[in-house]
>>> print(open('data.csv').read())   # CSV, C-alpha atoms and all ligand atoms
chain,number,residue,atom,x,y,z
A,18,MET,CA,13.3,-38.5,5.7
A,19,GLY,CA,12.3,-37.7,9.2
A,20,LYS,CA,9.3,-38.9,11.1
A,21,TYR,CA,7.4,-35.6,10.8
A,22,LYS,CA,7.2,-33.2,7.9
A,23,ILE,CA,7.7,-29.4,7.8
A,24,ILE,CA,5.4,-28.2,5.1
A,25,GLY,CA,7.4,-25.5,3.5
A,26,GLU,CA,10.5,-24.7,1.4
A,27,PRO,CA,13.9,-26.1,1.8
A,28,LEU,CA,16.4,-23.7,3.2
A,29,LYS,CA,19.9,-25.0,2.6
A,30,ASN,CA,21.7,-22.0,4.2
A,31,ILE,CA,19.7,-22.1,7.4
A,32,PRO,CA,22.0,-21.1,10.4
A,33,TRP,CA,22.9,-24.3,12.2
A,34,GLU,CA,25.1,-25.8,14.9
A,35,GLU,CA,24.8,-29.4,16.0
A,36,LYS,CA,23.5,-30.0,19.5
A,37,PRO,CA,26.4,-30.3,21.9
A,38,SER,CA,26.9,-33.9,23.1
A,39,GLY,CA,25.6,-34.4,26.7
A,40,ASN,CA,22.9,-31.7,26.1
A,41,HIS,CA,19.5,-33.3,26.7
A,42,ASP,CA,17.3,-30.3,26.0
A,43,VAL,CA,15.1,-30.1,22.9
A,44,ILE,CA,16.2,-26.5,22.2
A,45,TRP,CA,19.8,-25.6,22.4
A,46,ARG,CA,21.5,-22.3,22.2
A,47,SER,CA,24.0,-21.0,19.6
A,48,ASP,CA,27.6,-20.7,20.8
A,49,MET,CA,27.7,-17.4,19.0
A,50,ASN,CA,25.1,-15.8,21.3
A,51,PRO,CA,24.2,-13.1,21.5
A,52,ILE,CA,24.4,-12.8,17.7
A,53,ILE,CA,23.4,-9.1,17.8
A,54,LYS,CA,24.8,-7.0,20.6
A,55,ARG,CA,23.0,-4.1,22.0
A,56,ASP,CA,25.2,-1.4,20.5
A,57,LEU,CA,25.4,-2.6,16.9
A,58,LEU,CA,24.1,0.8,15.9
A,59,PRO,CA,25.8,3.9,17.3
A,60,THR,CA,22.3,5.1,18.5
A,61,SER,CA,21.0,1.8,19.9
A,62,ASN,CA,20.5,1.1,23.5
A,63,SER,CA,19.3,-2.5,22.8
A,64,ILE,CA,18.4,-4.7,19.8
A,65,PHE,CA,16.1,-7.6,20.7
A,66,ASN,CA,12.7,-9.3,20.0
A,67,SER,CA,13.3,-9.2,16.3
A,68,ALA,CA,12.1,-11.1,13.2
A,69,VAL,CA,13.9,-12.6,10.2
A,70,VAL,CA,13.0,-14.4,7.0
A,71,PRO,CA,14.7,-15.9,4.0
A,72,TYR,CA,15.2,-13.2,1.4
A,73,LYS,CA,16.8,-13.6,-2.0
A,74,ASP,CA,20.0,-15.7,-1.5
A,75,GLY,CA,20.3,-14.6,2.2
A,76,PHE,CA,18.0,-13.2,4.8
A,77,ALA,CA,16.2,-10.0,5.7
A,78,GLY,CA,14.6,-8.9,8.9
A,79,VAL,CA,12.9,-6.3,11.0
A,80,PHE,CA,14.6,-5.4,14.3
A,81,ARG,CA,13.4,-3.8,17.4
A,82,CYS,CA,16.0,-1.2,18.2
A,83,ASP,CA,15.4,0.9,21.3
A,84,ASP,CA,17.5,4.1,20.9
A,85,LYS,CA,19.4,6.0,23.6
A,86,ARG,CA,16.3,8.1,24.3
A,87,ARG,CA,14.7,4.6,25.0
A,88,GLU,CA,12.4,5.2,22.2
A,89,MET,CA,11.1,2.0,20.6
A,90,ARG,CA,11.5,1.7,16.8
A,91,ILE,CA,11.8,-1.0,14.2
A,92,HIS,CA,14.5,-1.1,11.6
A,93,ALA,CA,15.1,-3.2,8.5
A,94,GLY,CA,18.2,-5.3,8.2
A,95,PHE,CA,20.0,-7.8,5.8
A,96,SER,CA,22.3,-10.7,6.2
A,97,ASP,CA,24.1,-13.3,4.1
A,98,ASP,CA,24.2,-16.0,6.7
A,99,GLY,CA,21.4,-15.2,9.2
A,100,VAL,CA,24.0,-14.6,11.9
A,101,HIS,CA,25.8,-11.4,11.0
A,102,TRP,CA,23.5,-8.5,10.3
A,103,ASN,CA,23.6,-5.1,8.7
A,104,ILE,CA,20.8,-3.1,10.3
A,105,ASN,CA,19.8,0.2,8.8
A,106,PRO,CA,20.7,3.0,11.2
A,107,GLU,CA,17.4,4.8,10.4
A,108,PRO,CA,14.1,3.3,11.6
A,109,ILE,CA,11.5,2.2,9.0
A,110,SER,CA,9.5,5.1,7.7
A,111,PHE,CA,6.1,3.7,6.6
A,112,ASP,CA,4.2,4.9,3.6
A,113,CYS,CA,0.7,5.4,4.8
A,114,ASP,CA,-2.2,7.5,3.6
A,115,ILE,CA,-4.5,6.8,6.6
A,116,GLU,CA,-4.4,10.0,8.6
A,117,GLN,CA,-4.8,8.6,12.1
A,118,VAL,CA,-2.7,5.5,11.6
A,119,LYS,CA,0.4,7.1,10.2
A,120,THR,CA,1.2,9.1,13.2
A,121,PHE,CA,2.0,6.2,15.5
A,122,GLU,CA,3.8,6.7,18.8
A,123,TYR,CA,6.1,3.7,18.9
A,124,ALA,CA,6.8,0.3,17.4
A,125,TYR,CA,8.1,-2.9,18.9
A,126,ASP,CA,8.3,-6.7,18.9
A,127,PRO,CA,7.9,-7.2,15.1
A,128,ARG,CA,7.1,-10.5,13.3
A,129,VAL,CA,7.6,-11.0,9.6
A,130,VAL,CA,5.8,-13.5,7.3
A,131,TRP,CA,5.6,-14.3,3.6
A,132,ILE,CA,2.0,-14.7,2.5
A,133,GLU,CA,1.3,-15.4,-1.2
A,134,ASP,CA,3.2,-12.6,-2.9
A,135,ARG,CA,4.8,-10.3,-0.3
A,136,TYR,CA,6.1,-10.0,3.2
A,137,TYR,CA,3.9,-8.7,5.9
A,138,VAL,CA,5.2,-7.1,9.1
A,139,THR,CA,3.1,-7.0,12.3
A,140,TRP,CA,4.2,-5.3,15.4
A,141,CYS,CA,3.0,-3.8,18.6
A,142,ASN,CA,2.0,-0.3,17.5
A,143,GLY,CA,1.5,2.7,19.8
A,144,PHE,CA,-2.0,4.0,19.0
A,145,HIS,CA,-3.4,5.5,22.2
A,146,GLY,CA,-1.9,2.4,23.8
A,147,PRO,CA,-0.5,-0.7,22.2
A,148,THR,CA,-2.3,-2.5,19.4
A,149,ILE,CA,-1.3,-4.5,16.3
A,150,GLY,CA,0.2,-2.6,13.4
A,151,ILE,CA,0.4,-4.2,9.9
A,152,ALA,CA,2.5,-3.3,6.9
A,153,TYR,CA,3.7,-5.1,3.8
A,154,THR,CA,6.9,-4.9,1.8
A,155,TYR,CA,8.4,-6.5,-1.3
A,156,ASP,CA,12.0,-5.4,-0.7
A,157,PHE,CA,12.5,-4.4,2.9
A,158,LYS,CA,13.1,-0.8,1.7
A,159,THR,CA,9.6,0.5,1.1
A,160,PHE,CA,6.9,-0.5,3.6
A,161,HIS,CA,3.2,0.2,3.2
A,162,GLN,CA,1.3,0.5,6.4
A,163,LEU,CA,-2.3,-0.7,6.6
A,164,GLU,CA,-5.0,-0.2,9.2
A,165,ASN,CA,-4.3,-1.4,12.7
A,166,ALA,CA,-5.8,-4.9,13.2
A,167,PHE,CA,-7.5,-4.3,16.5
A,168,LEU,CA,-8.6,-1.8,19.1
A,169,PRO,CA,-6.0,-1.1,21.8
A,170,PHE,CA,-4.9,-2.8,23.9
A,171,ASN,CA,-3.3,-5.8,22.2
A,172,ARG,CA,0.2,-7.3,21.7
A,173,ASN,CA,1.9,-10.2,20.1
A,174,GLY,CA,-0.1,-10.1,16.8
A,175,VAL,CA,1.3,-13.0,14.7
A,176,LEU,CA,-0.1,-13.8,11.2
A,177,PHE,CA,-0.3,-17.4,9.9
A,178,PRO,CA,1.8,-17.9,6.7
A,179,LYS,CA,-1.2,-18.8,4.6
A,180,LYS,CA,-4.9,-18.1,4.5
A,181,ILE,CA,-7.0,-20.5,6.5
A,182,ASP,CA,-10.4,-21.4,5.0
A,183,GLY,CA,-9.9,-18.4,2.6
A,184,HIS,CA,-9.1,-15.8,5.2
A,185,PHE,CA,-6.0,-14.2,6.7
A,186,ALA,CA,-5.6,-15.5,10.2
A,187,MET,CA,-3.9,-13.9,13.2
A,188,LEU,CA,-3.1,-14.8,16.8
A,189,SER,CA,-3.0,-12.0,19.3
A,190,ARG,CA,-3.0,-11.3,23.0
A,191,PRO,CA,-5.4,-8.7,24.3
A,192,SER,CA,-3.6,-6.7,27.1
A,193,ASP,CA,-3.6,-3.5,29.0
A,194,THR,CA,-1.7,-0.2,28.7
A,195,GLY,CA,1.0,-1.4,31.2
A,196,HIS,CA,2.9,-4.5,31.8
A,197,THR,CA,-0.2,-6.7,31.7
A,198,PRO,CA,-0.4,-9.2,34.6
A,199,PHE,CA,-2.7,-11.5,32.4
A,200,GLY,CA,-3.1,-12.7,28.9
A,201,ASP,CA,-4.6,-15.4,26.7
A,202,ILE,CA,-3.9,-16.2,23.1
A,203,PHE,CA,-6.8,-15.6,20.7
A,204,TYR,CA,-7.4,-16.3,17.0
A,205,SER,CA,-9.0,-13.9,14.5
A,206,GLU,CA,-9.6,-13.9,10.8
A,207,SER,CA,-10.0,-11.3,8.1
A,208,PRO,CA,-11.0,-11.4,4.4
A,209,ASP,CA,-8.7,-8.4,3.6
A,210,LEU,CA,-6.3,-7.7,6.5
A,211,GLU,CA,-8.5,-4.7,7.4
A,212,PHE,CA,-11.7,-6.1,9.0
A,213,TRP,CA,-11.1,-8.7,11.7
A,214,GLY,CA,-13.6,-10.9,13.4
A,215,ARG,CA,-14.7,-14.5,14.2
A,216,HIS,CA,-12.5,-14.3,17.3
A,217,ARG,CA,-11.8,-17.6,18.9
A,218,HIS,CA,-10.1,-18.4,22.2
A,219,VAL,CA,-6.9,-20.6,21.8
A,220,MET,CA,-5.1,-21.0,25.1
A,221,ALA,CA,-5.1,-19.6,28.6
A,222,PRO,CA,-2.2,-19.3,31.0
A,223,ARG,CA,-1.8,-22.4,33.1
A,224,GLY,CA,0.5,-23.3,35.9
A,225,TRP,CA,4.1,-22.6,36.8
A,226,TRP,CA,6.2,-21.1,34.0
A,227,GLN,CA,3.1,-20.1,32.0
A,228,SER,CA,0.9,-19.0,35.0
A,229,THR,CA,0.7,-15.2,34.4
A,230,LYS,CA,0.4,-14.8,30.7
A,231,ILE,CA,1.2,-16.4,27.3
A,232,GLY,CA,1.7,-14.9,23.8
A,233,ALA,CA,2.5,-16.3,20.4
A,234,GLY,CA,6.1,-16.1,19.4
A,235,PRO,CA,7.3,-16.9,15.8
A,236,VAL,CA,4.9,-17.3,12.9
A,237,PRO,CA,3.3,-20.7,13.3
A,238,ILE,CA,5.2,-23.5,11.4
A,239,GLU,CA,3.0,-25.8,9.3
A,240,THR,CA,3.8,-29.5,9.9
A,241,SER,CA,2.3,-32.9,9.2
A,242,GLU,CA,1.2,-32.9,12.9
A,243,GLY,CA,-0.5,-29.5,13.0
A,244,TRP,CA,0.6,-25.9,13.3
A,245,LEU,CA,3.7,-25.8,15.5
A,246,LEU,CA,3.4,-22.7,17.7
A,247,ILE,CA,6.4,-21.6,19.8
A,248,TYR,CA,5.1,-19.2,22.4
A,249,HIS,CA,6.2,-17.4,25.5
A,250,GLY,CA,5.0,-18.0,29.0
A,251,VAL,CA,5.5,-15.8,32.0
A,252,LEU,CA,5.5,-16.5,35.7
A,253,THR,CA,5.6,-13.8,38.4
A,254,SER,CA,8.4,-14.3,40.9
A,255,CYS,CA,9.2,-12.2,43.9
A,256,ASN,CA,11.7,-10.5,41.6
A,257,GLY,CA,9.2,-9.7,38.8
A,258,TYR,CA,8.2,-11.4,35.5
A,259,VAL,CA,10.2,-14.4,34.2
A,260,TYR,CA,9.8,-15.2,30.4
A,261,HIS,CA,10.2,-18.7,29.1
A,262,PHE,CA,9.3,-20.5,26.0
A,263,GLY,CA,7.2,-23.5,25.2
A,264,ALA,CA,5.4,-25.0,22.3
A,265,ALA,CA,2.0,-26.2,21.2
A,266,LEU,CA,0.4,-28.0,18.2
A,267,LEU,CA,-2.7,-26.4,16.8
A,268,ASP,CA,-5.2,-28.0,14.4
A,269,LEU,CA,-4.3,-27.3,10.8
A,270,GLU,CA,-7.9,-26.4,9.7
A,271,LYS,CA,-9.2,-24.9,13.0
A,272,PRO,CA,-6.1,-23.5,14.6
A,273,TRP,CA,-7.9,-22.4,17.7
A,274,LYS,CA,-8.1,-26.1,18.6
A,275,VAL,CA,-5.0,-27.1,20.7
A,276,ILE,CA,-3.8,-30.7,20.0
A,277,ALA,CA,-0.9,-30.7,22.4
A,278,ARG,CA,0.9,-28.3,24.6
A,279,THR,CA,4.2,-28.7,26.6
A,280,GLU,CA,3.9,-28.9,30.4
A,281,PRO,CA,7.6,-28.3,31.0
A,282,TYR,CA,9.2,-25.2,29.4
A,283,LEU,CA,11.5,-25.5,26.4
A,284,LEU,CA,13.9,-22.7,27.2
A,285,ALA,CA,14.2,-20.6,30.4
A,286,PRO,CA,16.5,-17.6,31.1
A,287,ARG,CA,19.8,-19.1,32.4
A,288,GLU,CA,22.7,-17.6,30.5
A,289,LEU,CA,24.1,-14.3,31.5
A,290,TYR,CA,22.8,-12.5,28.4
A,291,GLU,CA,19.3,-13.7,29.3
A,292,CYS,CA,19.5,-12.8,33.0
A,293,VAL,CA,21.4,-9.5,32.9
A,294,GLY,CA,20.2,-6.6,30.8
A,295,ASP,CA,17.5,-4.0,30.8
A,296,VAL,CA,14.8,-6.5,31.8
A,297,PRO,CA,16.4,-9.4,33.6
A,298,ASN,CA,15.2,-13.0,33.0
A,299,VAL,CA,13.6,-12.8,29.6
A,300,VAL,CA,13.8,-15.1,26.6
A,301,PHE,CA,11.3,-13.9,24.0
A,302,PRO,CA,11.0,-15.7,20.7
A,303,CYS,CA,9.9,-13.7,17.6
A,304,ALA,CA,11.0,-15.7,14.6
A,305,ALA,CA,11.9,-19.1,13.3
A,306,LEU,CA,13.6,-20.3,10.1
A,307,THR,CA,12.9,-23.8,8.9
A,308,ASP,CA,14.4,-26.2,6.4
A,309,SER,CA,11.8,-28.7,5.2
A,310,GLU,CA,14.5,-31.1,3.9
A,311,THR,CA,16.4,-31.6,7.2
A,312,GLY,CA,13.7,-30.6,9.7
A,313,ARG,CA,16.1,-28.0,11.2
A,314,ILE,CA,14.6,-25.0,13.0
A,315,ALA,CA,16.5,-21.9,13.9
A,316,ILE,CA,14.7,-19.7,16.5
A,317,TYR,CA,15.5,-16.0,17.0
A,318,TYR,CA,14.8,-14.6,20.5
A,319,GLY,CA,15.5,-11.6,22.6
A,320,GLY,CA,17.7,-11.9,25.7
A,321,ALA,CA,16.9,-9.8,28.7
A,322,ASP,CA,15.3,-7.1,26.4
A,323,THR,CA,18.8,-6.2,25.4
A,324,VAL,CA,20.3,-8.5,22.7
A,325,THR,CA,19.3,-10.9,19.9
A,326,CYS,CA,20.0,-14.6,20.3
A,327,LEU,CA,19.7,-17.8,18.3
A,328,ALA,CA,18.7,-21.3,19.3
A,329,TYR,CA,18.0,-24.5,17.4
A,330,ALA,CA,15.6,-27.4,17.4
A,331,GLN,CA,15.0,-30.5,15.2
A,332,VAL,CA,11.4,-30.9,14.2
A,333,ASP,CA,11.1,-34.7,15.0
A,334,GLU,CA,12.6,-34.3,18.4
A,335,LEU,CA,10.5,-31.1,19.2
A,336,ILE,CA,7.2,-32.6,18.1
A,337,ASP,CA,7.8,-35.9,20.0
A,338,PHE,CA,8.6,-33.8,23.1
A,339,ILE,CA,5.4,-31.8,22.7
A,340,LYS,CA,3.3,-34.9,22.2
A,341,ASN,CA,5.0,-36.8,25.1
A,342,ASN,CA,5.0,-34.0,27.6
A,343,SER,CA,1.6,-32.5,26.8
A,344,LYS,CA,-1.1,-31.5,29.1
A,345,LEU,CA,-4.2,-29.8,27.8
B,1,LIG,C1,6.5,-7.3,27.2
B,1,LIG,C2,7.1,-6.6,25.9
B,1,LIG,C3,8.3,-7.3,25.4
B,1,LIG,C4,9.3,-7.5,26.5
B,1,LIG,C5,8.7,-8.2,27.7
B,1,LIG,C6,9.6,-8.3,28.9
B,1,LIG,O1,5.4,-6.7,27.7
B,1,LIG,O2,7.4,-5.3,26.3
B,1,LIG,O3,8.9,-6.5,24.5
B,1,LIG,O4,10.3,-8.4,26.0
B,1,LIG,O5,7.6,-7.4,28.1
B,1,LIG,O6,10.0,-7.0,29.3
>>> encode(input="data.csv", output="C-alpha cells", more="lines below")
Ligand code: BMA
Amino acid sequence: MGKYKIIGEPLKNIPWEEKPSGNHDVIWRSDMNPIIKRDLLPTSNSIFNSAVVPYKDGFAGVFRCDDKRREMRIHAGFSDDGVHWNINPEPISFDCDIEQVKTFEYAYDPRVVWIEDRYYVTWCNGFHGPTIGIAYTYDFKTFHQLENAFLPFNRNGVLFPKKIDGHFAMLSRPSDTGHTPFGDIFYSESPDLEFWGRHRHVMAPRGWWQSTKIGAGPVPIETSEGWLLIYHGVLTSCNGYVYHFGAALLDLEKPWKVIARTEPYLLAPRELYECVGDVPNVVFPCAALTDSETGRIAIYYGGADTVTCLAYAQVDELIDFIKNNSKL
C-alpha cells in the first residue's frame, strides 16, 4: 500500500511505462508519443485534446478531430489497451430535442466522466461563441445532448465524478470569443445538470508559467488528500501563448477551497511534438486514468494542437510534490 489513496476502482490494464532511470520529474512521457498521430483519419488535420475512460474490458474515448476544412468536431473511439485507438471516421451526431441547442456550430476539447450510471461528455460548444456543452451516453454510440451549462463565453467545463453535497459539480473557465488573455477557474453546482448556480471562485492565474490564464484539465481525481486537479497554465511569451501543466489539491467537501498548488510546473512543452505543430508550445491535458491499487496515473494530453500524447505519474510522488512545492 502506498502513502496516499486514490479513491476509485482498480484498473489492472492501465497503460504504463516505468519512469526512465535518471529522470527526476514527477510526470514522465510515454516513449510511444505521440500515441495518436494527426492523420489517423483520412479526413483529419489533427487529433488532440481528447478524453478517454475505462470501458468494458478496454477503453473508450471522445476525440477532438479537426478536419481538413479546419472544422472542429468530436468523434468517439475505442481501444483495447488505451494506446492504439480506432476512432470513428464520422463525428458524433447528438440526439437532441432542444431546438436551439441541437444546431451547434463546433465542438472541441472534450472531457468524459462516469457519474453514477452513465458517461457524461462535456466540451467547448459553439453557441454564438464558446460555452459548455453536455451530453450523456451509455455505449459511445448514441449520445443525448442536454442544455448547455452556461451562457457564452466559457471553456474547459469539467464535471466532478460524483455529486458533491447532493449536487452535480463542474469547474469552468469563463472566457471571451477569441483566444482569451485571462482566465480563472470557477466551481458551479446543479441539481439536475440543467440549472447551474452557487458559483464559487477556485483559483486565479498567478506568476510565471500560470500568469495569463489557467483551466481545469482532466476530471478531478478523488484521493485521501483531496481532489487532485491537474490543470493547464499559460504564459504569454514574445512568441505567443505557452501551455504547461501543474496540479492542485482541492478540499473534498468544498472543492472551491484550494489546499495546495504547485509553484513549479509539472510538464512544459519540450519535445518536438509539443513544440512543432499547428499551435507550437502547447501541452494540454484532458483526461487521466487511475489504478487505485498501484497508484498509477496515465495522463492524456494534446501536443501542439496537433497530436495526442500520454504521460505518467505515481500518486504518492505527485501528491508529495504538490504539498512540498505549494504556494497558495
Ligand atoms: C485554447 C483552446 C485549446 C487549445 C489552446 C492552445 O484556447 O483552443 O483547444 O489547445 O487554446 O491553442
>>> closest_atom_pairs(input="data.csv", of="chain A", to="ligand LIG 1 (chain B)", cutoff="6 Å", atoms="only C-alpha atoms and all ligand atoms", output="Markdown table")
| residue | atom | partner | partner_atom | distance |
| --- | --- | --- | --- | --- |
| A:Asp126 | CA | B:LIG1 | O3 | 5.6 |
| A:His196 | CA | B:LIG1 | O1 | 5.3 |
| A:Val296 | CA | B:LIG1 | O6 | 5.4 |
| A:Phe301 | CA | B:LIG1 | O4 | 5.9 |
| A:Asp322 | CA | B:LIG1 | O4 | 5.2 |
>>> closest_residue(input="data.csv", among="A:Glu35, A:Asp201, A:Glu164, A:Glu211", to="Val118 (chain A)", atoms="only C-alpha atoms")
A:Glu164
>>> closest_residue(input="data.csv", among="A:Ile316, A:Val70, A:Cys141, A:Ala152", to="Cys113 (chain A)", atoms="only C-alpha atoms")
A:Ala152
>>> closest_residue(input="data.csv", among="A:Phe121, A:Phe338, A:Tyr258, A:Tyr329", to="Pro281 (chain A)", atoms="all atoms listed in the file")
A:Phe338
>>> residues_around(input="data.csv", residues="Thr139 (chain A)", least_positions_apart="2", cutoff="6 Å", atoms="only C-alpha atoms", output="list in words")
Pro127, Arg128, Gly150 and Ile151 of chain A
>>> residues_around(input="data.csv", residues="Arg278 (chain A)", least_positions_apart="5", cutoff="12 Å", atoms="all atoms listed in the file", output="NGL selection string")
:A and (219-223 or 227 or 243-248 or 250 or 262-268 or 283 or 335-345)
>>> atom_distance(input="data.csv", atom1="CA of Tyr155 (chain A)", atom2="CA of Glu310 (chain A)")
25.9 Å
>>> atom_distance(input="data.csv", atom1="CA of Pro297 (chain A)", atom2="CA of Gly224 (chain A)")
21.2 Å
>>> residues_near_point(input="data.csv", point="(-4.8, 0.4, 6.7)", cutoff="12 Å", atoms="only C-alpha atoms", output="list in words")
Phe111, Asp112, Cys113, Asp114, Ile115, Glu116, Gln117, Val118, Lys119, Ile149, Gly150, Ile151, Ala152, Tyr153, His161, Gln162, Leu163, Glu164, Asn165, Ala166, Phe167, Asp209, Leu210, Glu211 and Phe212 of chain A
>>> atom_distance(input="data.csv", atom1="CA of Met49 (chain A)", atom2="CA of Thr307 (chain A)")
19.0 Å
>>> closest_atom_pairs(input="data.csv", of="region 223-332 of chain A", to="region 90-107 of chain A", cutoff="12 Å", atoms="all atoms listed in the file", output="Markdown table")
| residue | atom | partner | partner_atom | distance |
| --- | --- | --- | --- | --- |
| A:Ala304 | CA | A:Gly99 | CA | 11.7 |
| A:Ala305 | CA | A:Gly99 | CA | 11.1 |
| A:Leu306 | CA | A:Gly99 | CA | 9.4 |
| A:Ala315 | CA | A:Gly99 | CA | 9.5 |
| A:Ile316 | CA | A:Gly99 | CA | 10.9 |
| A:Tyr317 | CA | A:Gly99 | CA | 9.8 |
| A:Thr325 | CA | A:Val100 | CA | 10.0 |
| A:Cys326 | CA | A:Val100 | CA | 9.3 |
| A:Leu327 | CA | A:Val100 | CA | 8.3 |
| A:Ala328 | CA | A:Val100 | CA | 11.3 |
>>> decode(input="data.csv", residues="region 246-263 of chain A", atoms="C-alpha atoms", output="mmCIF file, in the first residue's frame")
data_model
loop_
_atom_site.group_PDB
_atom_site.id
_atom_site.type_symbol
_atom_site.label_atom_id
_atom_site.label_comp_id
_atom_site.auth_asym_id
_atom_site.auth_seq_id
_atom_site.Cartn_x
_atom_site.Cartn_y
_atom_site.Cartn_z
ATOM 1 C CA LEU A 246 -6.748 18.548 -10.080
ATOM 2 C CA ILE A 247 -4.314 18.591 -12.975
ATOM 3 C CA TYR A 248 -4.751 21.898 -14.781
ATOM 4 C CA HIS A 249 -3.172 23.903 -17.575
ATOM 5 C CA GLY A 250 -1.426 27.194 -17.026
ATOM 6 C CA VAL A 251 -0.468 29.639 -19.730
ATOM 7 C CA LEU A 252 2.206 32.294 -20.002
ATOM 8 C CA THR A 253 2.485 34.893 -22.735
ATOM 9 C CA SER A 254 5.926 34.962 -24.322
ATOM 10 C CA CYS A 255 7.176 37.198 -27.121
ATOM 11 C CA ASN A 256 6.202 34.295 -29.362
ATOM 12 C CA GLY A 257 2.638 33.837 -28.089
ATOM 13 C CA TYR A 258 0.974 31.603 -25.509
ATOM 14 C CA VAL A 259 2.884 28.726 -23.907
ATOM 15 C CA TYR A 260 0.794 25.958 -22.265
ATOM 16 C CA HIS A 261 2.105 23.916 -19.315
ATOM 17 C CA PHE A 262 0.530 21.766 -16.741
ATOM 18 C CA GLY A 263 0.535 21.827 -12.971
#
